[in-house]
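Visitor: Take a look at target-v3.cif, mmCIF, C-alpha atoms:
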```cif
data_structure
#
loop_
_atom_site.label_atom_id
_atom_site.label_comp_id
_atom_site.auth_asym_id
_atom_site.auth_seq_id
_atom_site.Cartn_x
_atom_site.Cartn_y
_atom_site.Cartn_z
CA ARG A 1 2.70 74.70 32.30
CA LEU A 2 1.34 72.23 34.83
CA SER A 3 3.72 71.19 37.59
CA ALA A 4 3.57 69.14 40.75
CA THR A 5 5.91 67.85 43.43
CA GLY A 6 5.67 64.70 45.51
CA THR A 7 7.58 62.28 47.65
CA PRO A 8 10.38 60.48 45.81
CA GLY A 9 11.11 56.84 46.47
CA HIS A 10 11.87 53.43 45.04
CA GLY A 11 9.53 52.09 42.41
CA SER A 12 9.10 48.88 44.37
CA VAL A 13 7.17 50.80 47.06
CA PRO A 14 4.33 52.77 45.42
CA HIS A 15 2.54 55.46 47.44
CA ASP A 16 -0.17 58.07 46.91
CA ASP A 17 2.10 61.13 46.76
CA ASN A 18 3.48 60.51 43.26
CA ALA A 19 4.05 63.78 41.37
CA LEU A 20 3.87 62.12 37.96
CA GLU A 21 0.58 60.37 38.74
CA ARG A 22 -0.81 63.72 39.85
CA ILE A 23 0.08 65.34 36.52
CA VAL A 24 -1.23 62.37 34.54
CA SER A 25 -4.55 62.59 36.42
CA ALA A 26 -4.78 66.30 35.66
CA LEU A 27 -4.09 65.65 31.97
CA ALA A 28 -6.77 62.95 31.90
CA ARG A 29 -9.35 65.43 33.24
CA ILE A 30 -8.31 68.00 30.65
CA GLN A 31 -8.54 65.39 27.89
CA ALA A 32 -12.10 64.57 28.96
CA TRP A 33 -13.08 68.26 29.16
CA ASP A 34 -15.95 68.92 26.75
CA ARG A 35 -15.56 72.59 25.88
CA PRO A 36 -18.49 74.42 24.24
CA THR A 37 -18.67 75.63 20.65
CA LEU A 38 -17.80 79.32 20.38
CA LEU A 39 -18.46 80.91 16.99
CA THR A 40 -16.88 84.30 16.40
CA ALA A 41 -18.09 86.73 13.73
CA GLU A 42 -15.07 85.86 11.56
CA VAL A 43 -15.64 82.10 11.77
CA THR A 44 -19.35 82.56 11.03
CA ALA A 45 -18.49 84.68 7.98
CA TYR A 46 -16.03 81.99 6.86
CA PHE A 47 -18.65 79.25 6.79
CA ASP A 48 -21.27 81.54 5.27
CA ALA A 49 -18.87 82.44 2.46
CA LEU A 50 -18.04 78.78 1.81
CA HIS A 51 -21.74 78.01 1.57
CA CYS A 52 -22.48 80.95 -0.74
CA ALA A 53 -19.61 79.86 -2.99
CA GLY A 54 -21.02 76.35 -3.23
CA ILE A 55 -18.02 74.78 -1.51
CA LEU A 56 -20.03 73.88 1.57
CA PRO A 57 -23.21 72.29 0.19
CA GLN A 58 -25.32 72.56 3.34
CA PRO A 59 -26.18 75.75 5.24
CA PRO A 60 -23.78 76.11 8.18
CA THR A 61 -26.25 75.21 10.91
CA PRO A 62 -24.97 74.23 14.38
CA ALA A 63 -25.57 70.56 13.55
CA VAL A 64 -23.62 70.83 10.28
CA LEU A 65 -20.74 72.63 12.00
CA ARG A 66 -20.59 69.99 14.73
CA ALA A 67 -20.40 67.27 12.10
CA LEU A 68 -17.61 69.09 10.24
CA ALA A 69 -15.71 69.65 13.49
CA ALA A 70 -15.92 65.94 14.30
CA GLU A 71 -14.38 65.11 10.93
CA HIS A 72 -11.80 67.89 10.60
CA PRO A 73 -9.54 68.73 13.59
CA ARG A 74 -8.77 72.20 12.20
CA LEU A 75 -12.47 73.05 12.01
CA HIS A 76 -12.94 71.86 15.57
CA SER A 77 -10.10 74.10 16.71
CA MET A 78 -11.67 77.08 14.93
CA GLN A 79 -14.91 76.63 16.86
CA THR A 80 -13.68 76.23 20.42
CA ASN A 81 -10.82 76.89 22.81
CA SER A 82 -8.29 74.22 21.91
CA VAL A 83 -5.88 72.51 24.28
CA ALA A 84 -3.02 70.26 23.15
CA VAL A 85 -0.62 68.46 25.47
CA THR A 86 2.83 69.06 23.98
CA THR A 87 5.41 67.92 26.56
CA LEU A 88 5.56 65.71 29.65
CA THR A 89 8.69 65.74 31.80
CA SER A 90 9.46 63.66 34.87
CA GLY A 91 11.70 61.01 36.34
CA VAL A 92 15.41 60.21 36.37
CA ARG A 93 15.39 56.40 36.25
CA PRO A 94 12.85 53.66 35.47
CA ASN A 95 12.89 52.35 39.05
CA VAL A 96 12.63 55.71 40.87
CA ILE A 97 9.39 57.47 41.80
CA PRO A 98 10.01 61.09 40.74
CA ALA A 99 9.98 64.04 43.08
CA GLU A 100 8.51 66.37 40.48
CA ALA A 101 6.67 66.34 37.17
CA SER A 102 5.49 68.89 34.64
CA ALA A 103 3.57 69.12 31.39
CA THR A 104 3.02 71.91 28.91
CA LEU A 105 -0.24 72.75 27.19
CA ASP A 106 -0.58 74.66 23.94
CA VAL A 107 -3.81 76.61 24.40
CA ARG A 108 -5.45 78.56 21.57
CA LEU A 109 -8.41 80.69 22.61
CA VAL A 110 -11.04 81.92 20.19
CA SER A 111 -10.84 85.64 19.46
CA GLY A 112 -12.05 87.77 22.35
CA TYR A 113 -12.06 85.03 24.99
CA SER A 114 -10.62 86.17 28.32
CA PRO A 115 -7.41 84.32 29.31
CA GLU A 116 -8.28 84.88 32.96
CA ARG A 117 -11.66 83.22 32.46
CA PHE A 118 -10.04 80.25 30.75
CA LEU A 119 -7.47 79.82 33.53
CA ALA A 120 -10.26 79.81 36.10
CA GLU A 121 -12.07 77.13 34.09
CA LEU A 122 -8.87 75.11 33.78
CA HIS A 123 -8.31 75.18 37.55
CA GLY A 124 -11.87 73.95 38.02
CA VAL A 125 -11.37 71.06 35.59
CA ILE A 126 -8.08 69.95 37.18
CA ASP A 127 -9.62 70.26 40.64
CA ASP A 128 -6.36 69.60 42.45
CA PRO A 129 -4.66 72.42 44.42
CA ARG A 130 -1.42 70.42 44.36
CA VAL A 131 -1.11 70.96 40.61
CA ARG A 132 0.29 74.40 39.85
CA VAL A 133 -0.71 76.23 36.66
CA GLN A 134 1.72 78.78 35.20
CA THR A 135 1.44 80.84 32.02
CA ILE A 136 4.83 80.75 30.27
CA PHE A 137 3.81 82.59 27.08
CA SER A 138 0.77 84.62 26.14
CA SER A 139 -0.10 86.59 23.02
CA SER A 140 -3.38 87.99 21.74
CA THR A 141 -4.62 90.51 19.23
CA PRO A 142 -7.96 91.73 17.89
CA ALA A 143 -9.11 90.46 14.51
CA SER A 144 -8.64 92.61 11.42
CA PRO A 145 -11.92 94.02 10.06
CA MET A 146 -13.58 92.42 7.05
CA ASP A 147 -14.54 95.78 5.54
CA SER A 148 -11.23 97.67 5.54
CA PRO A 149 -9.91 99.34 2.36
CA LEU A 150 -7.24 96.64 2.07
CA TYR A 151 -9.77 93.81 2.37
CA CYS A 152 -12.02 95.47 -0.22
CA ALA A 153 -9.01 95.94 -2.51
CA ILE A 154 -8.11 92.27 -2.27
CA ARG A 155 -11.69 91.27 -3.02
CA GLU A 156 -11.94 93.59 -6.05
CA SER A 157 -8.56 92.53 -7.42
CA VAL A 158 -9.45 88.86 -7.15
CA GLU A 159 -12.74 89.49 -8.94
CA ALA A 160 -10.96 91.40 -11.70
CA ILE A 161 -8.36 88.68 -12.25
CA CYS A 162 -10.60 85.66 -11.66
CA PRO A 163 -14.29 86.59 -12.02
CA GLY A 164 -16.57 84.60 -9.76
CA ALA A 165 -13.82 83.62 -7.34
CA ALA A 166 -14.77 83.58 -3.67
CA VAL A 167 -12.80 85.62 -1.15
CA VAL A 168 -13.25 83.72 2.10
CA PRO A 169 -12.30 85.28 5.47
CA SER A 170 -10.58 82.20 6.87
CA VAL A 171 -9.38 82.15 10.47
CA SER A 172 -5.95 80.78 11.34
CA THR A 173 -5.81 78.39 14.28
CA GLY A 174 -2.27 79.58 15.00
CA PHE A 175 -0.83 83.07 15.01
CA THR A 176 1.44 84.96 12.64
CA ASP A 177 3.40 88.19 12.60
CA SER A 178 0.14 89.92 11.63
CA ARG A 179 -0.57 90.26 15.35
CA VAL A 180 2.26 92.78 15.66
CA PHE A 181 0.65 95.08 13.08
CA ARG A 182 -2.86 94.67 14.51
CA ARG A 183 -1.70 95.80 17.93
CA ARG A 184 -0.74 99.09 16.29
CA GLY A 185 -4.07 99.46 14.57
CA ILE A 186 -2.85 98.24 11.16
CA PRO A 187 -5.15 95.68 9.48
CA ALA A 188 -3.22 92.61 8.34
CA TYR A 189 -4.36 89.56 6.39
CA GLY A 190 -2.88 86.35 5.10
CA PHE A 191 -3.70 86.19 1.38
CA MET A 192 -3.53 82.67 -0.09
CA PRO A 193 -5.12 82.42 -3.56
CA LEU A 194 -6.12 78.88 -4.45
CA LEU A 195 -7.83 77.41 -7.51
CA LEU A 196 -10.31 74.85 -6.21
CA GLY A 197 -13.20 72.95 -7.73
CA VAL A 198 -16.57 72.78 -6.04
CA VAL A 199 -15.91 69.10 -5.38
CA VAL A 200 -13.11 69.97 -2.99
CA ILE A 201 -15.18 69.67 0.15
CA ALA A 202 -12.06 69.04 2.22
CA VAL A 203 -11.19 72.72 1.91
CA ALA A 204 -11.91 73.00 5.62
CA SER A 205 -8.75 71.05 6.41
CA LEU A 206 -6.75 72.31 3.45
CA ALA A 207 -4.34 74.46 5.42
CA ALA A 208 -3.52 71.67 7.85
CA ARG A 209 -2.90 69.15 5.07
CA LEU A 210 -1.19 71.25 2.41
CA SER A 211 0.43 74.20 4.16
CA PRO A 212 4.02 72.97 3.52
CA ARG A 213 3.28 72.97 -0.22
CA LEU A 214 1.34 76.23 -0.57
CA PRO A 215 3.42 79.38 -0.94
CA ALA A 216 1.74 82.63 0.07
CA PRO A 217 2.27 86.07 -1.47
CA LEU A 218 3.88 88.61 0.83
CA LEU A 219 2.01 91.89 0.62
CA GLY A 220 3.35 95.30 1.62
CA VAL A 221 6.65 95.10 -0.26
CA ALA A 222 7.62 96.88 -3.46
CA GLY A 223 7.71 93.86 -5.72
CA TYR A 224 6.65 90.23 -5.93
CA ALA A 225 7.58 87.98 -3.04
CA PHE A 226 6.22 84.57 -2.08
CA ILE A 227 7.01 82.88 1.20
CA CYS A 228 7.08 79.15 1.88
CA HIS A 229 6.79 77.12 5.05
CA GLY A 230 10.03 76.15 6.77
CA ARG A 231 9.37 72.49 5.87
CA SER A 232 8.83 73.24 2.20
CA ASN A 233 10.06 70.57 -0.20
CA PRO A 234 11.37 71.11 -3.78
CA ARG A 235 7.82 70.85 -5.11
CA ALA A 236 6.75 73.74 -2.88
CA ILE A 237 9.67 75.91 -3.99
CA ARG A 238 8.83 75.22 -7.63
CA SER A 239 5.20 76.10 -6.93
CA ALA A 240 6.27 79.39 -5.35
CA LEU A 241 8.31 80.33 -8.42
CA LEU A 242 5.44 79.45 -10.76
CA ARG A 243 2.96 81.46 -8.70
CA ALA A 244 5.30 84.44 -8.56
CA HIS A 245 5.73 84.30 -12.34
CA ALA A 246 1.96 84.06 -12.88
CA ALA A 247 1.32 86.95 -10.51
CA LEU A 248 3.89 89.06 -12.33
CA GLU A 249 2.32 88.32 -15.71
CA LYS A 250 -1.16 89.21 -14.45
CA LYS A 251 0.14 92.33 -12.65
CA VAL A 252 -1.57 91.26 -9.43
CA MET A 253 0.28 93.74 -7.21
CA GLU A 254 -0.47 96.64 -9.52
CA GLY A 255 -4.13 95.66 -9.47
CA LEU A 256 -4.13 95.46 -5.67
CA GLU A 257 -2.48 98.86 -5.42
CA ALA A 258 -5.04 100.46 -7.75
CA ALA A 259 -7.96 98.85 -5.93
CA LEU A 260 -6.56 99.86 -2.56
CA ILE A 261 -6.18 103.47 -3.63
CA GLU A 262 -9.72 103.45 -5.02
CA ASN A 263 -11.08 102.24 -1.67
CA LEU A 264 -9.21 104.82 0.37
CA PRO A 265 -11.02 107.96 1.51
CA GLU A 266 -10.41 110.85 -0.88
CA GLU A 267 -8.26 112.75 1.63
CA ASN A 268 -5.96 109.75 2.10
CA ARG A 269 -5.28 109.00 -1.53
CA PRO A 270 -1.76 109.73 -2.81
CA THR A 271 -1.43 112.67 -5.13
CA SER A 272 0.14 112.17 -8.54
CA GLY A 273 3.38 113.89 -9.30
#
```
Could you take the file, read its structure, and then write that structure out as structure tokens?
Guide:
Amino acid sequence: RLSATGTPGHGSVPHDDNALERIVSALARIQAWDRPTLLTAEVTAYFDALHCAGILPQPPTPAVLRALAAEHPRLHSMQTNSVAVTTLTSGVRPNVIPAEASATLDVRLVSGYSPERFLAELHGVIDDPRVRVQTIFSSSTPASPMDSPLYCAIRESVEAICPGAAVVPSVSTGFTDSRVFRRRGIPAYGFMPLLLGVVVIAVASLAARLSPRLPAPLLGVAGYAFICHGRSNPRAIRSALLRAHAALEKKVMEGLEAALIENLPEENRPTSG
């Protein structure tokens, strides 16, 4: 949260100690802040996999990734520390200069980036000691490995059910409950099977555009469960039921379980009987 105080007064007598103007100036500097591209191992693997699958026609060179980021906001957010202004609060009446003002920023750092380093950079960009910066919520977690037994089981099960399908290690720009498991050393993944044609180049922004309509299977439960977004419409609910029925017919969970057991070390495999 950014906050500032100033001298209140009547709007007919402007002065240079306006708290709201101070916050607006800080937001303008943040908006103009050109943050560098930061590619993590997971994001690099994501683009490499898309290219190998033929979904991304060109090799993911820095120039290609910059062009994609310019066209797709989600891709831009995946490649840098993102900052979104989400609220701005100030004033009591249209003709009164406010005594205080505040704004909130939704900041999403790339995996492994130090929050302390980012805050220091943010202070430097604002460059105004009269604007206070306060962290009101913070959450971070390491990424799940791309070579765990569970990841290998998902890959093998997908190949068995749909030969030639690409398993792409996508990176979410938000966070999910997976972070709770990762903090305890438990790998967790969001598994969202999609049937796409090679012509679907807009896959990079697919989650942002279609997430309310795409149900996702919930792994780790004894049965078949699909979850939908809170804004899901009737079409999304119908899609979830159809996907659950298809998964049941193809015995997807049983296949995942068998593949997972096969990828476990011998000493960790469950014994029959």
Visitor: Name the residues captured by the PyMOL selection byres ((chain A and resi 255-259) around 8) when it is applied to the shown file; answer as a VMD selection string.
Guide: chain A and resid 152 to 154 156 to 157 251 to 254 260 to 263
Visitor: Determine the residue membership of the PyMOL selection byres ((chain A and resi 7) around 6) for the file above and supply it as a VMD selection string.
Guide: chain A and resid 6 8 17 99
Visitor: Write out, as a PDB file, in the frame of the given file, the residues just selected, with C-alpha atoms.
Guide:
```pdb
ATOM      1  CA  GLY A   6       5.670  64.700  45.510  1.00  0.00           C
ATOM      2  CA  PRO A   8      10.380  60.480  45.810  1.00  0.00           C
ATOM      3  CA  ASP A  17       2.100  61.130  46.760  1.00  0.00           C
ATOM      4  CA  ALA A  99       9.980  64.040  43.080  1.00  0.00           C
TER       5      ALA A  99
END
```
Visitor: Counting only C-alpha atoms, figure out which residue out of A:Glu100, A:Asp106, A:Glu71, A:Asp34 gets nearest to A:Phe137.
Guide: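 The shortest atom-to-atom distance to A:Phe137 comes from A:Asp106.
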Visitor: Spell out the residues picked by the PyMOL selection byres ((chain A and resi 110) around 8) here, as a list in words.
Guide: Leu38, Thr40, Met78, Gln79, Thr80, Asn81, Arg108, Leu109, Ser111, Gly112 and Tyr113 of chain A
Visitor: Which of these residues is nearest to A:Arg22, using only C-alpha atoms: A:Ala103, A:Ala120, A:Leu150, A:Ala63?
Guide: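 Answer, going by the shortest atom-to-atom distance: A:Ala103.
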Visitor: So which one's closest to A:Gly91, A:His123, A:Arg117, A:His10, A:Arg155? Using only C-alpha atoms, please.
Guide: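 Distance minimum relative to A:Gly91 lands on A:His10.
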Visitor: Can you work out which one of A:Pro234, A:Glu42, A:Ala225, A:Ser90 has the shortest atom-to-atom distance to A:Leu248, counting only C-alpha atoms?
Guide: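 Closest candidate: A:Ala225.
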Visitor: Just give me the residues with any atom within 12 Å of (-0.6, 85.5, 10.4), file coordinates, counting only C-alpha atoms, written as a list of chain:residue names.
Guide: A:Ser140, A:Thr141, A:Ala143, A:Ser144, A:Ser170, A:Val171, A:Ser172, A:Thr173, A:Gly174, A:Phe175, A:Thr176, A:Asp177, A:Ser178, A:Arg179, A:Val180, A:Phe181, A:Arg182, A:Pro187, A:Ala188, A:Tyr189, A:Gly190, A:Phe191, A:Met192, A:Ala216, A:Leu218, A:Leu219
Visitor: Tell me which protein, DNA and RNA residues are within 10 Å of A:Gln31, counting all atoms listed in the file, leaving out same-chain ones fewer than 6 positions away, and put them as a PyMOL selection string.
Guide: chain A and resi 25+83-85+125
Visitor: Box in all listed atoms of stretch 104-107 of chain A, axis-aligned, with 5 Å more on each side; write out centre and edge lengths in Å to one decimal as lines of an AutoDock Vina configuration file.
Guide:
```
center_x = -0.4
center_y = 74.3
center_z = 26.4
size_x = 16.8
size_y = 14.7
size_z = 15.0
```
Visitor: What separation in Å, quoted to one decimal, exists between atom CA of A:His76 and atom CA of A:Thr135?
Guide: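 Going from atom CA of A:His76 over to atom CA of A:Thr135, I get 23.6 Å.
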Visitor: One decimal, in Å: what's the spacing between atom CA of A:Gln58 and atom CA of A:Asp147?
Guide: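 That distance, rounded to one decimal, is 25.7 Å.
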Visitor: Atom CA of A:Leu122 to atom CA of A:Ile136: how many Å, to one decimal?
Guide: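 Going from atom CA of A:Leu122 over to atom CA of A:Ile136 covers 15.2 Å.
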